[in-house]
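Text of model_19.cif (mmCIF, C-alpha atoms) as supplied:
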```cif
data_target
#
loop_
_atom_site.label_atom_id
_atom_site.label_comp_id
_atom_site.auth_asym_id
_atom_site.auth_seq_id
_atom_site.Cartn_x
_atom_site.Cartn_y
_atom_site.Cartn_z
CA MET A 1 102.64 66.87 35.01
CA LYS A 2 106.40 66.99 35.02
CA LYS A 3 106.27 69.79 32.47
CA LYS A 4 103.83 71.70 34.68
CA LEU A 5 106.05 71.26 37.71
CA LEU A 6 109.11 72.31 35.72
CA SER A 7 107.28 75.44 34.58
CA VAL A 8 106.40 76.28 38.15
CA LEU A 9 110.01 75.86 39.24
CA LEU A 10 111.25 77.99 36.36
CA VAL A 11 108.80 80.77 37.19
CA ALA A 12 109.81 80.58 40.86
CA SER A 13 113.47 80.77 39.86
CA MET A 14 112.82 83.83 37.69
CA VAL A 15 110.94 85.55 40.48
CA ALA A 16 113.72 84.78 42.97
CA THR A 17 116.35 86.10 40.55
CA MET A 18 114.34 89.25 40.00
CA PHE A 19 114.20 90.03 43.71
CA VAL A 20 117.90 89.24 44.23
CA GLY A 21 118.80 91.50 41.33
CA CYS A 22 116.85 94.46 42.74
CA GLY A 23 118.30 96.64 45.51
CA SER A 24 116.41 97.29 48.73
CA SER A 25 117.26 100.96 49.23
CA SER A 26 113.80 102.35 48.48
CA SER A 27 110.70 102.05 50.62
CA SER A 28 108.81 100.48 47.72
CA ASP A 29 111.44 97.76 47.47
CA SER A 30 111.17 97.15 51.21
CA ALA A 31 107.40 96.94 50.96
CA SER A 32 107.74 94.54 48.06
CA ASP A 33 110.12 92.36 50.06
CA ALA A 34 107.77 92.43 53.03
CA THR A 35 104.81 91.48 50.85
CA THR A 36 106.78 88.63 49.30
CA ALA A 37 107.79 87.36 52.74
CA THR A 38 104.18 87.51 53.89
CA GLU A 39 102.97 85.61 50.83
CA GLU A 40 105.68 82.96 51.26
CA GLY A 41 104.80 82.64 54.93
CA ALA A 42 101.14 82.19 54.06
CA ALA A 43 102.05 79.53 51.49
CA ASP A 44 104.23 77.72 54.02
CA ALA A 45 101.44 77.89 56.58
CA ALA A 46 98.93 76.52 54.06
CA ALA A 47 101.29 73.68 53.19
CA SER A 48 101.92 72.92 56.84
CA ASP A 49 98.19 72.49 57.38
CA LYS A 50 98.04 69.65 54.87
CA LYS A 51 98.07 66.06 56.09
CA ILE A 52 98.05 63.05 53.77
CA ALA A 53 95.95 59.91 54.15
CA MET A 54 95.61 56.90 51.88
CA ILE A 55 92.69 54.47 51.93
CA THR A 56 93.08 50.93 50.60
CA ASP A 57 90.52 49.31 48.35
CA SER A 58 89.58 45.64 48.79
CA GLY A 59 93.26 44.72 49.17
CA ASP A 60 95.90 45.88 51.62
CA ILE A 61 99.30 47.56 51.63
CA THR A 62 101.14 44.25 51.19
CA ASP A 63 99.37 43.26 47.96
CA MET A 64 102.60 43.76 45.94
CA SER A 65 100.54 45.80 43.50
CA PHE A 66 98.22 48.81 43.44
CA ASN A 67 97.66 49.41 47.15
CA GLN A 68 101.23 48.76 48.18
CA THR A 69 102.72 51.04 45.53
CA THR A 70 100.30 53.86 46.32
CA TYR A 71 100.97 53.48 50.04
CA GLU A 72 104.74 53.46 49.64
CA ALA A 73 104.74 56.47 47.29
CA SER A 74 102.47 58.49 49.59
CA LYS A 75 104.52 57.58 52.66
CA ALA A 76 107.80 58.40 50.90
CA PHE A 77 106.54 61.85 49.89
CA ALA A 78 105.30 62.54 53.40
CA GLU A 79 108.58 61.50 55.01
CA LYS A 80 110.65 63.48 52.51
CA ASN A 81 108.59 66.62 53.13
CA GLY A 82 107.93 66.26 56.87
CA VAL A 83 104.18 65.80 56.42
CA ASP A 84 101.86 63.72 58.60
CA PHE A 85 100.70 60.55 56.88
CA GLN A 86 98.39 57.67 57.76
CA TYR A 87 96.63 54.92 55.88
CA TYR A 88 93.19 53.48 56.54
CA LYS A 89 91.87 50.05 55.64
CA PRO A 90 88.08 49.70 55.34
CA THR A 91 86.49 47.01 57.49
CA GLU A 92 84.92 45.39 54.43
CA ASP A 93 84.65 45.71 50.67
CA SER A 94 81.73 48.15 50.45
CA ASP A 95 81.02 51.80 49.73
CA ASP A 96 79.78 52.27 53.30
CA ALA A 97 83.05 50.96 54.71
CA ARG A 98 85.10 53.15 52.39
CA VAL A 99 83.00 56.19 53.34
CA ALA A 100 83.55 55.36 57.01
CA SER A 101 87.32 55.21 56.47
CA PHE A 102 87.23 58.54 54.64
CA GLU A 103 85.27 60.18 57.45
CA ASN A 104 87.61 58.70 60.05
CA ALA A 105 90.56 60.19 58.19
CA VAL A 106 88.90 63.62 58.01
CA THR A 107 88.00 63.46 61.71
CA ASP A 108 91.67 62.70 62.42
CA GLY A 109 92.64 65.88 60.58
CA TYR A 110 93.73 64.50 57.21
CA ASN A 111 92.74 66.72 54.31
CA VAL A 112 94.64 65.31 51.30
CA ILE A 113 93.29 61.82 50.68
CA ILE A 114 94.58 59.39 48.06
CA VAL A 115 92.46 56.47 46.91
CA PRO A 116 93.56 53.74 44.47
CA GLY A 117 91.13 51.95 42.21
CA TYR A 118 87.74 52.11 40.52
CA LEU A 119 85.98 50.90 43.68
CA PHE A 120 86.29 54.41 45.13
CA ALA A 121 84.00 56.07 42.60
CA GLY A 122 80.97 55.36 44.78
CA MET A 123 82.66 56.71 47.90
CA ILE A 124 83.76 59.87 46.12
CA ALA A 125 80.23 60.43 44.85
CA GLN A 126 78.98 60.35 48.45
CA VAL A 127 81.62 62.47 50.19
CA ALA A 128 83.22 64.93 47.77
CA GLU A 129 80.63 67.70 47.90
CA ASP A 130 80.10 67.32 51.65
CA TYR A 131 83.82 67.88 52.29
CA PRO A 132 84.82 70.64 49.82
CA ASN A 133 87.98 71.46 51.80
CA VAL A 134 89.34 67.93 51.50
CA THR A 135 91.47 67.26 48.42
CA ILE A 136 90.77 63.84 46.91
CA ILE A 137 93.29 62.26 44.52
CA ALA A 138 91.96 59.13 42.82
CA LEU A 139 94.01 56.63 40.84
CA ASP A 140 92.34 54.51 38.17
CA CYS A 141 88.83 55.89 38.57
CA SER A 142 87.59 56.48 35.04
CA GLU A 143 84.84 58.68 33.66
CA GLY A 144 82.69 55.58 33.28
CA ASP A 145 83.26 54.63 36.94
CA PHE A 146 82.16 58.06 38.09
CA GLN A 147 79.15 58.09 35.79
CA GLY A 148 78.18 54.68 37.13
CA ALA A 149 78.23 56.25 40.60
CA GLY A 150 75.97 59.09 39.43
CA MET A 151 78.62 61.76 38.79
CA ASP A 152 78.68 63.47 35.39
CA THR A 153 81.41 65.91 36.41
CA LEU A 154 83.98 65.95 39.20
CA PRO A 155 83.79 68.53 41.99
CA GLU A 156 86.65 71.02 42.22
CA ASN A 157 88.24 69.17 45.14
CA VAL A 158 88.64 65.90 43.19
CA CYS A 159 91.01 64.75 40.46
CA SER A 160 91.58 61.32 38.98
CA PHE A 161 94.22 59.62 36.87
CA THR A 162 93.68 56.75 34.51
CA TYR A 163 96.30 54.90 32.51
CA GLN A 164 96.58 53.58 28.98
CA GLU A 165 96.86 49.98 30.10
CA GLU A 166 96.49 48.73 26.54
CA LEU A 167 99.94 50.17 25.80
CA ALA A 168 101.62 48.43 28.75
CA GLY A 169 99.83 45.19 27.90
CA TYR A 170 100.93 45.51 24.29
CA MET A 171 104.56 45.99 25.33
CA ALA A 172 104.43 42.85 27.49
CA GLY A 173 102.81 40.68 24.82
CA TYR A 174 105.12 41.94 22.08
CA ALA A 175 108.21 41.39 24.24
CA ALA A 176 107.18 37.86 25.26
CA VAL A 177 106.64 36.68 21.69
CA LYS A 178 109.80 38.39 20.46
CA GLU A 179 111.66 36.67 23.28
CA GLY A 180 110.53 33.32 21.86
CA TYR A 181 107.36 32.31 23.75
CA THR A 182 104.66 30.89 21.50
CA LYS A 183 102.14 29.45 23.99
CA LEU A 184 100.92 32.27 26.20
CA GLY A 185 98.11 32.95 28.64
CA PHE A 186 96.26 35.95 30.01
CA LEU A 187 94.78 35.57 33.50
CA GLY A 188 92.78 38.68 34.35
CA GLY A 189 91.19 39.55 37.66
CA MET A 190 87.72 41.00 37.27
CA ALA A 191 86.63 42.01 33.78
CA VAL A 192 86.68 45.74 34.49
CA PRO A 193 87.82 48.19 31.78
CA ALA A 194 91.41 48.56 33.05
CA VAL A 195 91.95 44.78 33.13
CA ILE A 196 90.30 44.34 29.74
CA ARG A 197 92.54 47.00 28.24
CA TYR A 198 95.59 45.21 29.64
CA GLY A 199 94.36 41.93 28.17
CA PHE A 200 93.34 43.19 24.75
CA GLY A 201 96.60 45.15 24.51
CA PHE A 202 98.52 41.99 25.41
CA VAL A 203 96.78 40.06 22.63
CA GLN A 204 97.52 42.82 20.11
CA GLY A 205 101.19 42.84 21.11
CA CYS A 206 101.47 39.06 20.84
CA ASN A 207 99.85 39.16 17.42
CA ASP A 208 101.97 41.95 15.97
CA ALA A 209 105.22 40.38 17.16
CA ALA A 210 104.20 37.02 15.71
CA VAL A 211 103.28 38.58 12.37
CA GLU A 212 106.65 40.34 12.26
CA LEU A 213 108.46 37.08 13.08
CA GLY A 214 106.41 35.15 10.55
CA ASN A 215 105.22 32.54 13.07
CA ALA A 216 101.63 33.65 13.66
CA SER A 217 100.36 30.13 12.95
CA ASP A 218 102.49 28.83 15.84
CA VAL A 219 101.49 31.44 18.45
CA ALA A 220 98.43 30.92 20.67
CA VAL A 221 96.98 32.75 23.66
CA ASN A 222 94.63 31.30 26.30
CA TYR A 223 92.45 34.02 27.82
CA VAL A 224 90.37 34.00 31.01
CA TYR A 225 89.16 36.20 33.88
CA GLY A 226 89.29 34.87 37.42
CA GLY A 227 86.37 37.03 38.52
CA GLN A 228 88.30 38.32 41.54
CA PHE A 229 91.58 40.00 42.44
CA TYR A 230 93.15 37.15 44.40
CA GLY A 231 94.17 33.60 43.69
CA ASP A 232 92.46 30.48 45.00
CA ASP A 233 92.30 26.73 44.40
CA ALA A 234 89.92 26.99 41.44
CA ILE A 235 92.09 29.52 39.64
CA THR A 236 95.24 27.54 40.41
CA ALA A 237 93.56 24.43 38.97
CA GLN A 238 92.87 26.30 35.73
CA MET A 239 96.48 27.42 35.58
CA ASP A 240 97.61 23.83 36.24
CA THR A 241 95.64 22.75 33.19
CA TRP A 242 97.11 25.49 31.03
CA TYR A 243 100.72 24.83 31.97
CA SER A 244 100.34 21.06 31.68
CA ASN A 245 98.91 21.54 28.18
CA GLY A 246 101.89 23.56 27.01
CA THR A 247 101.34 27.14 28.11
CA GLU A 248 104.78 28.65 28.71
CA ILE A 249 104.06 32.05 30.21
CA VAL A 250 100.99 33.73 31.78
CA PHE A 251 100.31 37.44 32.15
CA ALA A 252 98.73 37.48 35.63
CA CYS A 253 96.80 40.71 35.67
CA GLY A 254 94.79 41.59 38.75
CA GLY A 255 96.09 42.28 42.25
CA GLY A 256 96.99 39.08 44.09
CA ILE A 257 95.69 36.74 41.39
CA TYR A 258 99.32 36.18 40.36
CA THR A 259 99.64 33.73 43.26
CA SER A 260 97.62 31.11 41.41
CA ALA A 261 99.69 31.49 38.26
CA CYS A 262 102.93 31.29 40.25
CA GLU A 263 101.82 28.25 42.24
CA ALA A 264 101.02 26.40 39.03
CA ALA A 265 104.13 27.61 37.23
CA THR A 266 106.49 26.40 39.97
CA LYS A 267 105.14 22.89 40.43
CA PRO A 268 107.66 20.08 39.77
CA GLY A 269 108.33 19.50 36.10
CA VAL A 270 106.43 22.59 34.91
CA ASP A 271 109.05 25.36 34.56
CA GLY A 272 106.40 27.97 33.73
CA LYS A 273 106.88 31.72 33.63
CA VAL A 274 104.72 34.71 34.54
CA ILE A 275 104.42 38.39 33.65
CA GLY A 276 103.66 40.83 36.46
CA VAL A 277 101.36 43.83 36.43
CA ASP A 278 101.05 47.45 37.63
CA VAL A 279 104.51 47.48 39.24
CA ASP A 280 107.76 45.57 38.75
CA GLN A 281 106.79 42.34 40.52
CA SER A 282 109.88 40.33 39.62
CA GLY A 283 111.75 40.66 42.91
CA THR A 284 108.67 40.09 45.04
CA ILE A 285 107.50 37.07 43.06
CA GLU A 286 110.91 35.46 42.81
CA ASN A 287 111.63 35.98 46.51
CA ALA A 288 108.25 34.54 47.46
CA TYR A 289 108.61 31.42 45.30
CA GLY A 290 112.38 31.05 45.34
CA VAL A 291 112.65 30.70 41.58
CA LYS A 292 115.00 33.04 39.75
CA GLY A 293 113.66 34.15 36.38
CA LEU A 294 110.07 33.19 37.23
CA CYS A 295 108.82 36.70 36.41
CA VAL A 296 110.07 37.60 32.93
CA THR A 297 108.82 41.21 32.93
CA SER A 298 105.94 43.37 34.22
CA ALA A 299 103.44 45.64 32.48
CA MET A 300 103.68 48.70 34.68
CA LYS A 301 101.76 51.87 35.45
CA GLY A 302 103.56 54.91 36.81
CA LEU A 303 101.64 54.94 40.07
CA ALA A 304 104.50 56.21 42.22
CA ALA A 305 105.40 58.93 39.71
CA THR A 306 101.76 60.05 39.59
CA VAL A 307 101.47 60.26 43.37
CA ASP A 308 104.75 62.11 43.79
CA ALA A 309 104.15 64.63 40.98
CA THR A 310 100.59 65.37 42.06
CA LEU A 311 101.43 65.80 45.74
CA THR A 312 104.36 68.02 44.77
CA ASP A 313 102.00 70.30 42.87
CA VAL A 314 99.35 70.22 45.60
CA PHE A 315 101.86 71.27 48.24
CA ALA A 316 103.24 73.94 45.89
CA GLY A 317 99.76 75.48 45.67
CA ASN A 318 99.06 74.29 42.14
CA TRP A 319 95.87 72.30 42.70
CA ALA A 320 94.26 74.25 39.83
CA ASN A 321 96.27 72.05 37.46
CA TYR A 322 94.14 69.08 38.47
CA SER A 323 90.90 70.41 39.98
CA GLY A 324 87.88 68.53 38.63
CA LYS A 325 89.92 66.74 35.95
CA ILE A 326 90.48 63.16 34.82
CA GLU A 327 93.88 62.74 33.16
CA ASN A 328 94.65 59.70 31.00
CA LEU A 329 98.37 58.94 31.25
CA GLY A 330 100.51 56.99 28.82
CA ILE A 331 103.65 57.59 26.79
CA VAL A 332 105.22 61.02 27.18
CA SER A 333 108.71 60.24 25.86
CA GLY A 334 109.83 58.28 22.84
CA THR A 335 113.49 58.43 23.81
CA ASP A 336 113.48 57.62 27.53
CA PRO A 337 110.96 54.85 28.36
CA SER A 338 111.54 55.33 32.10
CA LEU A 339 109.70 58.68 31.92
CA ASN A 340 106.50 57.11 30.62
CA TYR A 341 103.45 56.34 32.72
CA VAL A 342 103.15 52.91 31.09
CA GLN A 343 106.27 50.83 30.62
CA LEU A 344 108.28 47.66 31.14
CA PRO A 345 110.95 47.70 33.86
CA MET A 346 114.47 48.13 32.48
CA ASP A 347 116.32 47.53 35.76
CA GLY A 348 117.34 43.90 35.99
CA TRP A 349 116.40 43.16 32.37
CA THR A 350 116.73 39.42 31.72
CA MET A 351 115.32 38.95 28.22
CA THR A 352 117.98 38.20 25.60
CA ASN A 353 116.21 37.85 22.25
CA PHE A 354 114.22 41.00 22.93
CA THR A 355 116.78 43.50 24.19
CA VAL A 356 116.56 46.87 25.92
CA ASP A 357 117.42 48.50 22.59
CA ASP A 358 114.57 46.58 20.96
CA TYR A 359 112.26 47.82 23.69
CA LYS A 360 113.36 51.42 23.22
CA ALA A 361 112.73 51.11 19.48
CA LEU A 362 109.24 49.77 20.18
CA VAL A 363 108.44 52.65 22.54
CA ALA A 364 109.69 55.17 19.98
CA ALA A 365 107.43 53.62 17.35
CA MET A 366 104.45 53.72 19.72
CA ASN A 367 105.21 57.32 20.60
CA ASP A 368 105.37 58.55 17.00
CA GLY A 369 102.28 56.60 15.95
CA THR A 370 104.01 54.03 13.78
CA VAL A 371 102.65 51.36 16.12
CA LYS A 372 98.99 51.84 16.94
CA VAL A 373 97.15 50.03 19.73
CA SER A 374 93.38 49.99 20.07
CA ASN A 375 91.95 50.88 23.49
CA SER A 376 88.52 49.46 22.71
CA THR A 377 87.05 47.10 25.30
CA ASP A 378 84.02 46.10 23.20
CA ALA A 379 85.33 42.85 21.74
CA MET A 380 88.46 40.72 21.50
CA PRO A 381 90.78 42.19 18.84
CA SER A 382 90.92 40.35 15.52
CA THR A 383 94.22 38.49 15.17
CA GLU A 384 96.21 36.17 12.98
CA ILE A 385 97.30 34.20 16.05
CA LYS A 386 94.90 31.81 17.79
CA VAL A 387 93.13 33.21 20.87
CA THR A 388 91.04 30.83 22.99
CA GLU A 389 88.65 32.54 25.40
CA PHE A 390 87.58 30.58 28.51
CA ASP A 391 84.52 31.19 30.66
CA ASN A 392 85.14 33.26 33.80
CA ILE A 393 86.42 31.02 36.58
CA HIS A 394 84.23 32.73 39.20
#
```
Let me see whether you can do it: turn the structure in this file into C-alpha cells.
Amino acid sequence: MKKKLLSVLLVASMVATMFVGCGSSSSSDSASDATTATEEGAADAAASDKKIAMITDSGDITDMSFNQTTYEASKAFAEKNGVDFQYYKPTEDSDDARVASFENAVTDGYNVIIVPGYLFAGMIAQVAEDYPNVTIIALDCSEGDFQGAGMDTLPENVCSFTYQEELAGYMAGYAAVKEGYTKLGFLGGMAVPAVIRYGFGFVQGCNDAAVELGNASDVAVNYVYGGQFYGDDAITAQMDTWYSNGTEIVFACGGGIYTSACEAATKPGVDGKVIGVDVDQSGTIENAYGVKGLCVTSAMKGLAATVDATLTDVFAGNWANYSGKIENLGIVSGTDPSLNYVQLPMDGWTMTNFTVDDYKALVAAMNDGTVKVSNSTDAMPSTEIKVTEFDNIH
C-alpha cells in the first residue's frame, strides 16, 4: 500500500512539474489549465463529501487492543485532514445490532465506514449491496469469514485486510525463549483462525529458538483458549495454577483476556510476565498494574498503518486499489522491521539476551525465506519442545 501511495504521489509530482514547465501563452494551454483546475476542484469536492465512521465489535474503544487502535487511527486521520468522524457502539453483540449501528451511521451522513474484526462479516453481507455508495473498510475479516456469512466475493464498495498473525506470534515465541524463558503459556481468546495462527506461530517460534539453543528438552508451553475475549475469575484461576506451577510468561492473545493473565502474574510471590497482542500493550499494562517490566513484548499487527494508508488512498481517489479485495499483510521489509504489518515493538525494548539486532536478523531471515512459518490452523504444529493443550476454559 505504501508503494501504491508513493506511486500516486510521484505521478502527481510529475504532472505538477509538467504544468509548471509549460507556458500559458496559448489558448490551448489556458484551456488545459482550466480543465485541470476543474478536475482538481471536483476531486476536492468529492473528498469533502466523505465522512468517516468506525463501528466497534463486541468490545469498546478502551479495550487497549483492536477497537481502541482502530478508533485512534481513524480519529487521527480525520483530525489531520479536517474530516468529520464519529464512532458507533452496537447495543449488543449481534449482527442485528451491528447492522443497526451501520444504518445509524449512514443516516447521519457517514459514507466511509471502518469495522474491526471477523464479527462484521455477517453485517457486511447484509448491508454492502444495499448501500453501494458507502465505502466499507474491514480489518481482520477473512475469506472464510465472508464465506461463512454467505459471500463468495466482495462487492466493489468493500475491502478487507487480514494479517499473517503466525509471523507475529512466531517472533514473540522465538524472542521469549531466546531471552531465557523456558516455561511459557499461550492464553488465547476464542479459537478463531486469527487467534489460532497467533498461537501456532508462537509455538513454532518457541520450538525453533529452543532447538537453536539446544535446550528443547527444557522448554514447555501450556496452551489454552479462554472461549471469550475478556478475562474473568475462571480464566484467572487457570492462570493462577499455571504460574504457581512454574509458568514464567504467558502470551495473552485475545482482546481484554490479558487482564486475567496480569492479575495472576502480579499476585504476591509470583513475579510472572506477559506478552501483549495486536498493539504494543506494555505501557497500558504496566500503568494499569503498576509493575514495570510486566509486559516483556507484544506481537503486533499494523492496524494503525493499515487504516492511515487506506484512508489516504480513498481520499486521494484511489479506491480502485482496494475495491472488492482481501489483502493479507505481513512482512514487507527485511531491513526495517518497523515498516512491516506484523512486528514486535522496538521502542522501549527491554530484552537483553535477545537484542534489537537479533530481532532484525530474525526478521531478515523471515523475509528472505530462510525462516519459514506455517500458517495452517488444522492441528498443533509438531515440536521438539513439550506442548500441553488444555480444554477450553469456557
Fill in the blank from the handout: CA of Asn111 in chain A sits from CA of Gly317 in chain A at a separation of 14.2 Å
Could you tell me, as a JSON list (two decimals) with C-alpha atoms, in the frame of the given file, which residues have any atom at most 10 Å from (110.8, 50.3, 33.2), counting all atoms listed in the file?
```json
[["chain", "number", "residue", "atom", "x", "y", "z"],
["A", 279, "VAL", "CA", 104.51, 47.48, 39.24],
["A", 280, "ASP", "CA", 107.76, 45.57, 38.75],
["A", 297, "THR", "CA", 108.82, 41.21, 32.93],
["A", 298, "SER", "CA", 105.94, 43.37, 34.22],
["A", 299, "ALA", "CA", 103.44, 45.64, 32.48],
["A", 300, "MET", "CA", 103.68, 48.70, 34.68],
["A", 301, "LYS", "CA", 101.76, 51.87, 35.45],
["A", 302, "GLY", "CA", 103.56, 54.91, 36.81],
["A", 336, "ASP", "CA", 113.48, 57.62, 27.53],
["A", 337, "PRO", "CA", 110.96, 54.85, 28.36],
["A", 338, "SER", "CA", 111.54, 55.33, 32.10],
["A", 339, "LEU", "CA", 109.70, 58.68, 31.92],
["A", 340, "ASN", "CA", 106.50, 57.11, 30.62],
["A", 341, "TYR", "CA", 103.45, 56.34, 32.72],
["A", 342, "VAL", "CA", 103.15, 52.91, 31.09],
["A", 343, "GLN", "CA", 106.27, 50.83, 30.62],
["A", 344, "LEU", "CA", 108.28, 47.66, 31.14],
["A", 345, "PRO", "CA", 110.95, 47.70, 33.86],
["A", 346, "MET", "CA", 114.47, 48.13, 32.48],
["A", 347, "ASP", "CA", 116.32, 47.53, 35.76],
["A", 348, "GLY", "CA", 117.34, 43.90, 35.99],
["A", 349, "TRP", "CA", 116.40, 43.16, 32.37],
["A", 356, "VAL", "CA", 116.56, 46.87, 25.92],
["A", 359, "TYR", "CA", 112.26, 47.82, 23.69]]
```
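Candidate residues A:Ile113, A:Leu154, A:Ala288, A:Leu303 were compared for distance to Ser65 in chain A, and the nearest is A:Leu303, using all atoms listed in the file.
Put simply, the PyMOL selection byres ((chain A and resi 376-381) around 7) on this file hits Pro193, Ile196, Arg197, Phe200, Gln204, Ser374, Asn375, Ser382 and Thr383 of chain A.
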Practice task
Evaluate the PyMOL selection byres ((chain A and resi 226) around 9) and record the selected residues as a ChimeraX atom specification, following the chain and residue labels used in the document.
Solution key: /A:187-191,224-225,227-231,234-235,254,257,392-394
Problem - Residue nearest Val221 in chain A among A:Asp145, A:Ser58, A:Phe186, A:Gln238 (counting only C-alpha atoms) - result: A:Phe186
Practice task
Name the residues that the PyMOL selection byres ((chain A and resi 151) around 12) pulls out of this structure, and write them as a PyMOL selection string.
Solution key: chain A and resi 121-129+141-150+152-155+158+324
Exercise for the section: For range 89-104 of chain A, list every protein, DNA or RNA residue within 12 Å, evaluated using all atoms listed in the file, and leave out those in the same chain fewer than 2 positions away; present the list as a ChimeraX atom specification. Expected result: /A:52-62,67,71,86-87,106-128,130-131,134-136,149
Problem - Near-Ala210 in chain A list (10 Å; only C-alpha atoms; drop same-chain fewer than 6 positions) as a PyMOL selection string - result: chain A and resi 173-174+177-178+180-182+204+216-220+384-385
Exercise for the section: Could you tell me how far CA of Lys386 in chain A lies from CA of Glu248 in chain A, in Å and to one decimal? Expected result: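 Going from CA of Lys386 in chain A over to CA of Glu248 in chain A, I get 15.1 Å.
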Handout entry: Computed interatomic separation between CA of Asp208 in chain A and CA of Ala361 in chain A (Å)
Key =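 Rounded to one decimal, the two atoms are 14.6 Å apart.
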Practice task
Tell me which protein, DNA and RNA residues are within 12 Å of Ala320 in chain A, counting all atoms listed in the file, leaving out same-chain ones fewer than 2 positions away, and put them as a list in words.
Solution key: Lys4, Thr135, Glu156, Asn157, Val158, Cys159, Thr310, Asp313, Val314, Phe315, Ala316, Gly317, Asn318, Tyr322, Ser323, Gly324 and Lys325 of chain A
Fill in the blank from the handout: Restricting to all atoms listed in the file, whichever of A:Glu389, A:Glu72, A:Glu212, A:Asp357 is closest to Val307 in chain A is A:Glu72
Problem - Counting only C-alpha atoms, the option among A:Leu329, A:Ile137, A:Ile275, A:Ala172 closest to Ser74 in chain A - result: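 Nearest candidate to Ser74 in chain A out of A:Leu329, A:Ile137, A:Ile275, A:Ala172: A:Ile137.
The nearest approach to Ala309 in chain A among the residues A:Val296, A:Val274, A:Met171, A:Ala73, with all atoms listed in the file taken into account, belongs to A:Ala73.
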Fill in the blank from the handout: Using all atoms listed in the file, the best pick from A:Val387, A:Val195, A:Ala168, A:Leu311 as closest to Ala138 in chain A would be A:Leu311
